[in-house]
>>> print(open('work37.cif').read())   # mmCIF, C-alpha atoms and all ligand atoms
data_query
loop_
_atom_site.label_atom_id
_atom_site.label_comp_id
_atom_site.auth_asym_id
_atom_site.auth_seq_id
_atom_site.Cartn_x
_atom_site.Cartn_y
_atom_site.Cartn_z
CA MET A 164 43.30 -94.75 19.83
CA ASN A 165 41.70 -93.47 23.00
CA GLU A 166 38.09 -92.31 22.76
CA GLN A 167 38.38 -88.61 23.45
CA CYS A 168 41.45 -87.99 21.35
CA ALA A 169 41.44 -87.75 17.56
CA VAL A 170 45.20 -88.41 17.31
CA ARG A 171 45.85 -91.85 15.78
CA GLY A 172 49.64 -91.71 15.85
CA VAL A 173 52.61 -89.38 15.64
CA SER A 174 51.88 -88.34 12.04
CA ASP A 175 48.59 -86.80 13.13
CA THR A 176 50.58 -84.22 15.10
CA ALA A 177 51.41 -82.74 11.66
CA ARG A 178 47.70 -81.98 11.20
CA TRP A 179 47.66 -80.35 14.63
CA VAL A 180 50.53 -77.97 13.76
CA ALA A 181 48.91 -77.12 10.43
CA TYR A 182 45.81 -76.03 12.39
CA PHE A 183 47.82 -73.25 14.09
CA ARG A 184 49.32 -72.11 10.79
CA ALA A 185 45.80 -71.94 9.35
CA LEU A 186 44.68 -69.76 12.25
CA GLU A 187 47.68 -67.46 11.95
CA THR A 188 46.99 -67.02 8.26
CA GLN A 189 43.54 -65.64 9.07
CA ARG A 190 45.03 -62.85 11.19
CA PRO A 191 45.63 -59.52 9.44
CA ASP A 192 48.74 -59.10 11.66
CA GLY A 193 49.94 -62.71 11.19
CA LEU A 194 53.69 -63.31 11.45
CA PHE A 195 53.53 -65.46 8.30
CA ARG A 196 50.98 -66.56 5.74
CA ASP A 197 50.41 -70.18 4.85
CA PRO A 198 47.50 -70.32 2.40
CA TYR A 199 47.79 -74.14 2.24
CA ALA A 200 47.56 -74.82 5.97
CA GLU A 201 43.76 -74.90 6.26
CA ARG A 202 43.45 -77.46 3.46
CA LEU A 203 46.33 -79.51 4.81
CA ALA A 204 45.05 -79.51 8.39
CA GLY A 205 41.61 -80.51 7.10
CA ALA A 206 38.64 -81.15 9.37
CA HIS A 207 40.74 -83.73 11.18
CA GLY A 208 43.38 -81.16 12.15
CA PHE A 209 40.70 -78.91 13.63
CA GLN A 210 39.17 -81.88 15.44
CA ILE A 211 42.55 -82.81 16.94
CA ALA A 212 43.16 -79.28 18.21
CA ASN A 213 39.73 -79.20 19.80
CA THR A 214 39.78 -82.65 21.42
CA LEU A 215 43.32 -82.80 22.80
CA VAL A 216 43.77 -81.41 26.31
CA ASP A 217 45.12 -77.87 25.79
CA GLY A 218 45.21 -78.75 22.07
CA ALA A 219 44.02 -75.34 20.88
CA LYS A 220 46.01 -73.38 23.48
CA HIS A 221 49.44 -71.71 23.36
CA GLU A 222 48.97 -70.55 19.79
CA TRP A 223 51.69 -67.93 20.44
CA ALA A 224 54.27 -70.71 20.92
CA TRP A 225 53.43 -72.53 17.68
CA VAL A 226 53.48 -69.27 15.77
CA ALA A 227 56.80 -68.16 17.27
CA ARG A 228 58.32 -71.55 16.40
CA THR A 229 57.25 -71.33 12.76
CA TYR A 230 58.44 -67.73 12.59
CA LEU A 231 61.89 -68.61 13.97
CA PHE A 232 62.32 -71.59 11.63
CA ASP A 233 61.38 -69.30 8.71
CA GLN A 234 64.01 -66.78 9.81
CA PHE A 235 66.79 -69.31 10.36
CA ILE A 236 66.07 -71.11 7.07
CA SER A 237 66.05 -67.83 5.11
CA ARG A 238 69.35 -66.82 6.69
CA ALA A 239 70.96 -70.17 5.84
CA ILE A 240 69.85 -69.82 2.21
CA SER A 241 71.19 -66.26 2.03
CA ALA A 242 74.47 -67.59 3.44
CA GLY A 243 74.78 -70.03 0.54
CA ALA A 244 72.84 -73.21 1.38
CA ASP A 245 71.80 -74.92 -1.86
CA LEU A 246 69.83 -77.71 -0.17
CA VAL A 247 67.24 -77.66 2.62
CA LEU A 248 66.66 -81.06 4.20
CA ASN A 249 63.46 -80.96 6.20
CA LEU A 250 63.27 -83.99 8.48
CA ALA A 251 59.71 -84.81 9.60
CA ALA A 252 58.33 -82.14 7.27
CA GLY A 253 54.75 -83.14 8.04
CA LEU A 254 52.34 -80.71 6.40
CA ASP A 255 54.81 -77.84 6.25
CA ALA A 256 54.29 -75.84 3.03
CA ARG A 257 57.47 -73.70 3.08
CA PRO A 258 58.55 -74.72 -0.45
CA TYR A 259 55.26 -73.22 -1.69
CA ARG A 260 54.88 -70.20 0.56
CA MET A 261 58.40 -68.83 1.14
CA ASP A 262 60.31 -66.55 -1.17
CA LEU A 263 62.96 -69.00 -2.44
CA PRO A 264 65.49 -69.18 -5.28
CA SER A 265 64.04 -71.39 -8.03
CA THR A 266 67.34 -73.33 -8.15
CA LEU A 267 67.24 -74.26 -4.46
CA ARG A 268 66.76 -77.97 -3.73
CA TRP A 269 64.39 -78.86 -0.92
CA VAL A 270 63.96 -82.41 0.37
CA GLU A 271 61.11 -83.34 2.68
CA VAL A 272 61.21 -86.55 4.71
CA ASP A 273 58.36 -88.09 6.65
CA PHE A 274 56.39 -91.32 7.03
CA PRO A 275 54.73 -92.64 3.82
CA GLU A 276 51.17 -91.91 5.02
CA ILE A 277 51.70 -88.18 5.57
CA ILE A 278 53.82 -87.84 2.40
CA SER A 279 51.09 -89.33 0.21
CA TYR A 280 48.32 -87.32 1.92
CA LYS A 281 50.29 -84.10 1.33
CA GLN A 282 51.01 -85.07 -2.25
CA GLN A 283 47.29 -85.49 -2.89
CA VAL A 284 46.28 -82.20 -1.26
CA LEU A 285 48.97 -80.18 -3.07
CA VAL A 286 48.82 -81.99 -6.42
CA ASN A 287 47.80 -78.87 -8.35
CA GLU A 288 50.16 -76.47 -6.59
CA ARG A 289 53.64 -75.50 -7.75
CA PRO A 290 56.57 -75.27 -5.35
CA ARG A 291 58.89 -72.29 -5.79
CA CYS A 292 62.02 -74.45 -5.74
CA GLN A 293 63.12 -77.98 -6.68
CA LEU A 294 61.13 -80.14 -4.29
CA GLU A 295 61.63 -83.84 -3.61
CA ARG A 296 59.69 -85.90 -1.08
CA VAL A 297 61.09 -89.00 0.57
CA ALA A 298 58.89 -91.47 2.46
CA LEU A 299 61.10 -92.80 5.23
CA ASP A 300 61.04 -93.80 8.88
CA LEU A 301 63.87 -91.71 10.33
CA SER A 302 64.44 -94.37 12.99
CA ASP A 303 65.65 -96.66 10.22
CA ILE A 304 69.38 -96.09 10.59
CA THR A 305 70.50 -97.82 7.39
CA GLU A 306 67.98 -96.02 5.20
CA ARG A 307 68.55 -92.60 6.70
CA ARG A 308 72.33 -92.93 6.33
CA GLU A 309 71.86 -93.84 2.68
CA LEU A 310 69.67 -90.78 2.17
CA PHE A 311 72.05 -88.43 4.00
CA SER A 312 75.00 -89.72 2.04
CA ARG A 313 73.21 -89.28 -1.32
CA LEU A 314 72.13 -85.73 -0.40
CA GLY A 315 75.57 -84.88 0.95
CA ALA A 316 77.06 -85.85 -2.40
CA GLU A 317 74.45 -83.85 -4.31
CA SER A 318 74.84 -80.54 -2.43
CA THR A 319 77.62 -78.08 -1.69
CA LYS A 320 76.16 -76.68 1.53
CA ALA A 321 73.04 -78.04 3.19
CA VAL A 322 70.88 -76.85 6.04
CA VAL A 323 68.89 -79.46 7.94
CA ALA A 324 65.65 -78.55 9.72
CA SER A 325 63.72 -80.76 12.11
CA GLU A 326 60.73 -78.88 13.49
CA GLY A 327 58.67 -80.76 16.04
CA LEU A 328 60.54 -84.06 15.64
CA LEU A 329 63.15 -84.50 18.36
CA ILE A 330 60.66 -84.36 21.23
CA TYR A 331 59.30 -87.72 20.05
CA PHE A 332 62.76 -89.34 20.19
CA THR A 333 64.68 -90.62 23.22
CA SER A 334 68.03 -88.98 24.08
CA GLU A 335 69.84 -91.99 22.59
CA GLU A 336 67.85 -91.70 19.36
CA VAL A 337 68.53 -87.96 19.12
CA ALA A 338 72.25 -88.57 19.73
CA GLY A 339 72.30 -91.21 16.96
CA LEU A 340 70.59 -88.87 14.52
CA ALA A 341 72.96 -86.03 15.49
CA LYS A 342 75.97 -88.26 14.76
CA ASP A 343 74.59 -89.41 11.40
CA LEU A 344 73.93 -85.82 10.32
CA ALA A 345 77.36 -84.69 11.53
CA ALA A 346 79.00 -87.42 9.44
CA GLU A 347 78.05 -85.58 6.24
CA ALA A 348 80.70 -82.97 5.44
CA ARG A 349 78.29 -80.78 3.46
CA PHE A 350 75.63 -80.62 6.18
CA ALA A 351 76.67 -77.25 7.63
CA ASN A 352 73.76 -76.26 9.88
CA TRP A 353 70.89 -77.90 11.70
CA ILE A 354 67.84 -76.03 12.99
CA ILE A 355 66.01 -77.72 15.85
CA ASP A 356 63.39 -76.90 18.43
CA LEU A 357 64.01 -77.81 22.03
CA ALA A 358 62.21 -78.00 25.37
CA SER A 359 63.85 -77.69 28.79
CA PRO A 360 63.36 -80.61 31.23
CA GLY A 361 60.92 -78.41 33.19
CA GLN A 362 58.86 -77.69 30.08
CA LEU A 363 58.94 -81.35 29.04
CA ARG A 364 57.47 -82.40 32.40
CA LEU A 365 54.72 -79.77 32.10
CA MET A 366 53.83 -80.99 28.62
CA GLN A 367 53.93 -84.65 29.67
CA ARG A 368 51.41 -83.90 32.42
CA THR A 369 48.95 -82.13 30.10
CA THR A 370 48.64 -82.82 26.36
CA GLY A 371 51.35 -85.46 26.61
CA ARG A 372 49.13 -88.00 28.37
CA GLN A 373 46.71 -88.36 25.48
CA LEU A 374 49.49 -88.21 22.92
CA SER A 375 51.34 -90.92 24.76
CA GLU A 376 48.28 -93.20 24.60
CA ALA A 377 48.16 -92.51 20.86
CA GLY A 378 51.81 -93.60 20.48
CA ALA A 379 53.26 -90.08 20.27
CA GLU A 380 54.95 -89.72 23.64
CA PHE A 381 56.92 -86.56 24.48
CA LYS A 382 60.40 -87.80 25.45
CA PHE A 383 63.22 -85.36 24.76
CA GLY A 384 64.08 -82.35 26.92
CA PRO A 385 67.81 -82.58 27.72
CA LYS A 386 69.21 -81.14 30.96
CA GLU A 387 72.20 -79.83 28.96
CA GLY A 388 69.91 -77.65 26.80
CA ALA A 389 71.33 -76.96 23.33
CA GLY A 390 74.73 -78.05 24.73
CA PHE A 391 73.40 -81.62 24.41
CA PHE A 392 74.49 -81.56 20.76
CA CYS A 393 78.14 -80.48 21.30
CA PRO A 394 79.60 -83.99 21.88
CA TYR A 395 78.10 -85.02 18.53
CA GLY A 396 79.78 -82.24 16.54
CA TRP A 397 77.06 -79.57 16.61
CA ASP A 398 77.61 -76.23 18.37
CA PRO A 399 74.67 -73.95 19.19
CA VAL A 400 75.27 -70.54 17.55
CA ASP A 401 71.87 -68.91 17.98
CA VAL A 402 69.24 -69.89 20.55
CA GLN A 403 65.91 -68.05 20.64
CA GLY A 404 63.16 -68.64 23.20
CA LEU A 405 59.57 -68.88 21.95
CA LEU A 406 58.16 -66.75 24.76
CA LYS A 407 60.73 -64.00 24.22
CA THR A 408 60.03 -64.07 20.48
CA ALA A 409 56.27 -63.93 21.01
CA ALA A 410 56.74 -61.02 23.44
CA GLN A 411 58.69 -59.08 20.79
CA PHE A 412 55.57 -59.19 18.64
CA LYS A 413 53.22 -58.53 21.56
CA ARG A 414 51.81 -62.01 21.18
CA ALA A 415 52.87 -63.46 24.56
CA PRO A 416 50.10 -64.08 27.12
CA ALA A 417 50.21 -61.61 30.02
CA GLU A 418 50.25 -64.40 32.64
CA LEU A 419 53.54 -65.74 31.27
CA LEU A 420 55.42 -62.48 30.89
CA SER A 421 56.77 -62.84 34.44
CA LEU A 422 58.94 -65.68 33.06
CA LEU A 423 60.96 -63.07 31.17
CA PRO A 424 63.80 -62.31 30.91
CA GLU A 425 64.79 -65.91 30.30
CA PRO A 426 67.56 -67.40 32.43
CA LYS A 427 70.98 -67.08 30.82
CA GLY A 428 72.54 -70.34 29.64
CA ASN A 429 70.92 -73.68 30.30
CA PRO A 430 67.22 -73.24 31.31
CA GLY A 431 67.08 -76.53 33.31
CA ASN A 432 63.82 -76.73 35.24
CA TYR A 433 62.65 -73.38 33.99
CA PRO A 434 59.73 -73.87 31.56
CA TRP A 435 61.42 -72.96 28.30
CA THR A 436 61.05 -73.86 24.64
CA GLY A 437 63.01 -72.41 21.81
CA VAL A 438 64.56 -72.80 18.40
CA CYS A 439 68.31 -73.33 18.03
CA LEU A 440 70.63 -72.91 15.11
CA LEU A 441 73.42 -75.49 15.33
CA LYS A 442 76.63 -75.27 13.34
CA LYS A 443 78.85 -78.18 12.40
CA ARG A 444 82.20 -77.93 14.12
C1 LIG B 1 54.64 -82.21 15.19
S1 LIG B 1 54.76 -82.85 13.55
C2 LIG B 1 55.76 -81.60 12.82
C3 LIG B 1 55.60 -81.53 11.34
C4 LIG B 1 56.29 -80.33 10.67
N1 LIG B 1 57.71 -80.33 10.86
C5 LIG B 1 55.69 -79.06 11.17
O1 LIG B 1 56.32 -78.38 11.99
O2 LIG B 1 54.58 -78.75 10.79
C6 LIG B 1 55.86 -84.21 13.78
C7 LIG B 1 56.18 -84.93 12.48
O3 LIG B 1 57.21 -85.89 12.74
C8 LIG B 1 57.00 -86.99 11.90
N2 LIG B 1 57.78 -88.11 12.45
C9 LIG B 1 57.81 -88.52 13.74
N3 LIG B 1 58.63 -89.58 13.86
C10 LIG B 1 59.13 -89.82 12.61
C11 LIG B 1 60.01 -90.79 12.09
N4 LIG B 1 60.54 -91.74 12.87
N5 LIG B 1 60.29 -90.77 10.77
C12 LIG B 1 59.74 -89.82 9.96
N6 LIG B 1 58.89 -88.87 10.41
C13 LIG B 1 58.59 -88.88 11.72
C14 LIG B 1 55.50 -87.18 11.97
O4 LIG B 1 55.00 -88.02 10.94
C15 LIG B 1 55.03 -85.74 11.88
O5 LIG B 1 54.83 -85.34 10.55
#
>>> encode(input="work37.cif", output="structure tokens")
Amino acid sequence: MNEQCAVRGVSDTARWVAYFRALETQRPDGLFRDPYAERLAGAHGFQIANTLVDGAKHEWAWVARTYLFDQFISRAISAGADLVLNLAAGLDARPYRMDLPSTLRWVEVDFPEIISYKQQVLVNERPRCQLERVALDLSDITERRELFSRLGAESTKAVVASEGLLIYFTSEEVAGLAKDLAAEARFANWIIDLASPGQLRLMQRTTGRQLSEAGAEFKFGPKEGAGFFCPYGWDPVDVQGLLKTAAQFKRAPAELLSLLPEPKGNPGNYPWTGVCLLKKR
């Protein structure tokens, strides 16, 4: 761990995201409420946000990302998904805070350390649906395939979400994961967040340096944009930029509004991040 940075590894980035959800929850005009986020972030989450370079900045982007995942997940459930598979769930509390059918199954996957920490913090809380947590390294191909195949057999229509995960994977690792998810006939949709190559470089030069030293390097920002996933069986059907979304709610910083409207199609070097709904072909 480097001296200035409170991040000890990639799982600590979950505490960092929870910090922004805690802040949003304090706003009377918040785009969502997560009453668990402050507890889950803990003092460590606040320390991370305040010691990382730019760690407490760009709150609008974190909030827009959470908002868009909420929207896409709700839509998938309304369209008949009976299982939500949240890969790298971190300290996300959606099974407790969203309005969900009590029969819905929700499976959270993350490293053992963050799973057991979350379990302890939320021990007295009741999820609104059928929640299962799986401690797993998603880079373990054999284990993840076993999990996907079990869940595929146990659901009729599943939506996969991976919020804040793919950026820590190489293109080859993302492609491998995309293929393994596509292999499951019942996995109908996948919700991801994505950075353009231009945005990735910006992030690597700022916060990314410290994160890299802590073993949480930013790696993935494909030049093909959401089209990256097509060869692996996933077609982008809805792509929403974070800045555009924040602007809709008057939450975008004035100095960035000149970046709108977003370029049509692949954003390439343009600094762009967004959330994409992928559909299995
Ligand atoms: C930025 S956090 C996002 C957490 C959560 N999705 C959210 O948005 O609040 C990244 C998460 O990815 C998890 N992660 C990274 N690599 C992983 C891997 N190989 N296997 C399982 N989880 C992983 C980390 O432990 C961490 O919880």
>>> residues_near_point(input="work37.cif", point="(63.9, -78.7, 25.9)", cutoff="8 Å", atoms="all atoms listed in the file", output="list in words")
Asp356, Leu357, Ala358, Ser359, Pro360, Gly361, Gln362, Leu363, Phe383, Gly384, Pro385, Lys386, Gly388, Trp435, Thr436 and Gly437 of chain A
>>> write_last_selection(input="work37.cif", atoms="C-alpha atoms", output="JSON list (two decimals), in the coordinates of the input")
[["chain", "number", "residue", "atom", "x", "y", "z"],
["A", 356, "ASP", "CA", 63.39, -76.90, 18.43],
["A", 357, "LEU", "CA", 64.01, -77.81, 22.03],
["A", 358, "ALA", "CA", 62.21, -78.00, 25.37],
["A", 359, "SER", "CA", 63.85, -77.69, 28.79],
["A", 360, "PRO", "CA", 63.36, -80.61, 31.23],
["A", 361, "GLY", "CA", 60.92, -78.41, 33.19],
["A", 362, "GLN", "CA", 58.86, -77.69, 30.08],
["A", 363, "LEU", "CA", 58.94, -81.35, 29.04],
["A", 383, "PHE", "CA", 63.22, -85.36, 24.76],
["A", 384, "GLY", "CA", 64.08, -82.35, 26.92],
["A", 385, "PRO", "CA", 67.81, -82.58, 27.72],
["A", 386, "LYS", "CA", 69.21, -81.14, 30.96],
["A", 388, "GLY", "CA", 69.91, -77.65, 26.80],
["A", 435, "TRP", "CA", 61.42, -72.96, 28.30],
["A", 436, "THR", "CA", 61.05, -73.86, 24.64],
["A", 437, "GLY", "CA", 63.01, -72.41, 21.81]]
>>> residues_around(input="work37.cif", residues="Leu440 in chain A", least_positions_apart="3", cutoff="12 Å", atoms="all atoms listed in the file", output="ChimeraX atom specification")
/A:231-236,238-239,322-326,351-357,389-390,392,397-404,437,443
>>> write_last_selection(input="work37.cif", atoms="C-alpha atoms", output="short mmCIF file (atom, residue, chain, number, x, y, z; two decimals), in the coordinates of the input")
data_model
loop_
_atom_site.label_atom_id
_atom_site.label_comp_id
_atom_site.auth_asym_id
_atom_site.auth_seq_id
_atom_site.Cartn_x
_atom_site.Cartn_y
_atom_site.Cartn_z
CA LEU A 231 61.89 -68.61 13.97
CA PHE A 232 62.32 -71.59 11.63
CA ASP A 233 61.38 -69.30 8.71
CA GLN A 234 64.01 -66.78 9.81
CA PHE A 235 66.79 -69.31 10.36
CA ILE A 236 66.07 -71.11 7.07
CA ARG A 238 69.35 -66.82 6.69
CA ALA A 239 70.96 -70.17 5.84
CA VAL A 322 70.88 -76.85 6.04
CA VAL A 323 68.89 -79.46 7.94
CA ALA A 324 65.65 -78.55 9.72
CA SER A 325 63.72 -80.76 12.11
CA GLU A 326 60.73 -78.88 13.49
CA ALA A 351 76.67 -77.25 7.63
CA ASN A 352 73.76 -76.26 9.88
CA TRP A 353 70.89 -77.90 11.70
CA ILE A 354 67.84 -76.03 12.99
CA ILE A 355 66.01 -77.72 15.85
CA ASP A 356 63.39 -76.90 18.43
CA LEU A 357 64.01 -77.81 22.03
CA ALA A 389 71.33 -76.96 23.33
CA GLY A 390 74.73 -78.05 24.73
CA PHE A 392 74.49 -81.56 20.76
CA TRP A 397 77.06 -79.57 16.61
CA ASP A 398 77.61 -76.23 18.37
CA PRO A 399 74.67 -73.95 19.19
CA VAL A 400 75.27 -70.54 17.55
CA ASP A 401 71.87 -68.91 17.98
CA VAL A 402 69.24 -69.89 20.55
CA GLN A 403 65.91 -68.05 20.64
CA GLY A 404 63.16 -68.64 23.20
CA GLY A 437 63.01 -72.41 21.81
CA LYS A 443 78.85 -78.18 12.40
#
>>> atom_distance(input="work37.cif", atom1="CA of Pro258 in chain A", atom2="CA of Glu201 in chain A")
16.2 Å
>>> residues_around(input="work37.cif", residues="Gly315 in chain A", least_positions_apart="5", cutoff="9 Å", atoms="only C-alpha atoms", output="PyMOL selection string")
chain A and resi 310+320-321+347-350
>>> residues_near_ligand(input="work37.cif", ligand="ligand LIG 1 (chain B)", cutoff="6 Å", atoms="all atoms listed in the file", output="count of residues only")
20
>>> atom_distance(input="work37.cif", atom1="CA of Val216 in chain A", atom2="CA of Phe391 in chain A")
29.7 Å
>>> closest_residue(input="work37.cif", among="A:Ala224, A:Leu419, A:Arg171, A:Gln189", to="Ser375 in chain A", atoms="all atoms listed in the file")
A:Arg171
>>> closest_residue(input="work37.cif", among="A:Leu186, A:Val247, A:Leu285, A:Ile277", to="Lys220 in chain A", atoms="all atoms listed in the file")
A:Leu186
>>> closest_residue(input="work37.cif", among="A:Phe412, A:Trp179, A:Thr319, A:Leu203", to="Ile278 in chain A", atoms="all atoms listed in the file")
A:Leu203
>>> residues_around(input="work37.cif", residues="range 405-407 of chain A", least_positions_apart="6", cutoff="9 Å", atoms="all atoms listed in the file", output="list of chain:residue names")
A:Trp223, A:Ala224, A:Trp225, A:Val226, A:Ala227, A:Arg228, A:Leu231, A:Arg414, A:Ala415, A:Pro416, A:Leu419, A:Leu420, A:Leu422, A:Leu423, A:Pro424, A:Glu425, A:Trp435, A:Thr436, A:Gly437, A:Val438
>>> atom_distance(input="work37.cif", atom1="CA of Glu309 in chain A", atom2="CA of Ala346 in chain A")
11.7 Å
>>> residues_around(input="work37.cif", residues="range 287-290 of chain A", least_positions_apart="2", cutoff="9 Å", atoms="all atoms listed in the file", output="number ranges by chain")
A: 256-260, 265, 283-285, 292-294
>>> closest_residue(input="work37.cif", among="A:Cys393, A:Ala409, A:Leu344, A:Ala377", to="Ser312 in chain A", atoms="only C-alpha atoms")
A:Leu344
>>> closest_residue(input="work37.cif", among="A:Tyr331, A:Phe183, A:Tyr280, A:Phe311", to="Gly208 in chain A", atoms="only C-alpha atoms")
A:Phe183
>>> closest_residue(input="work37.cif", among="A:Glu380, A:Glu271, A:Glu336, A:Asp197", to="Leu248 in chain A", atoms="all atoms listed in the file")
A:Glu271
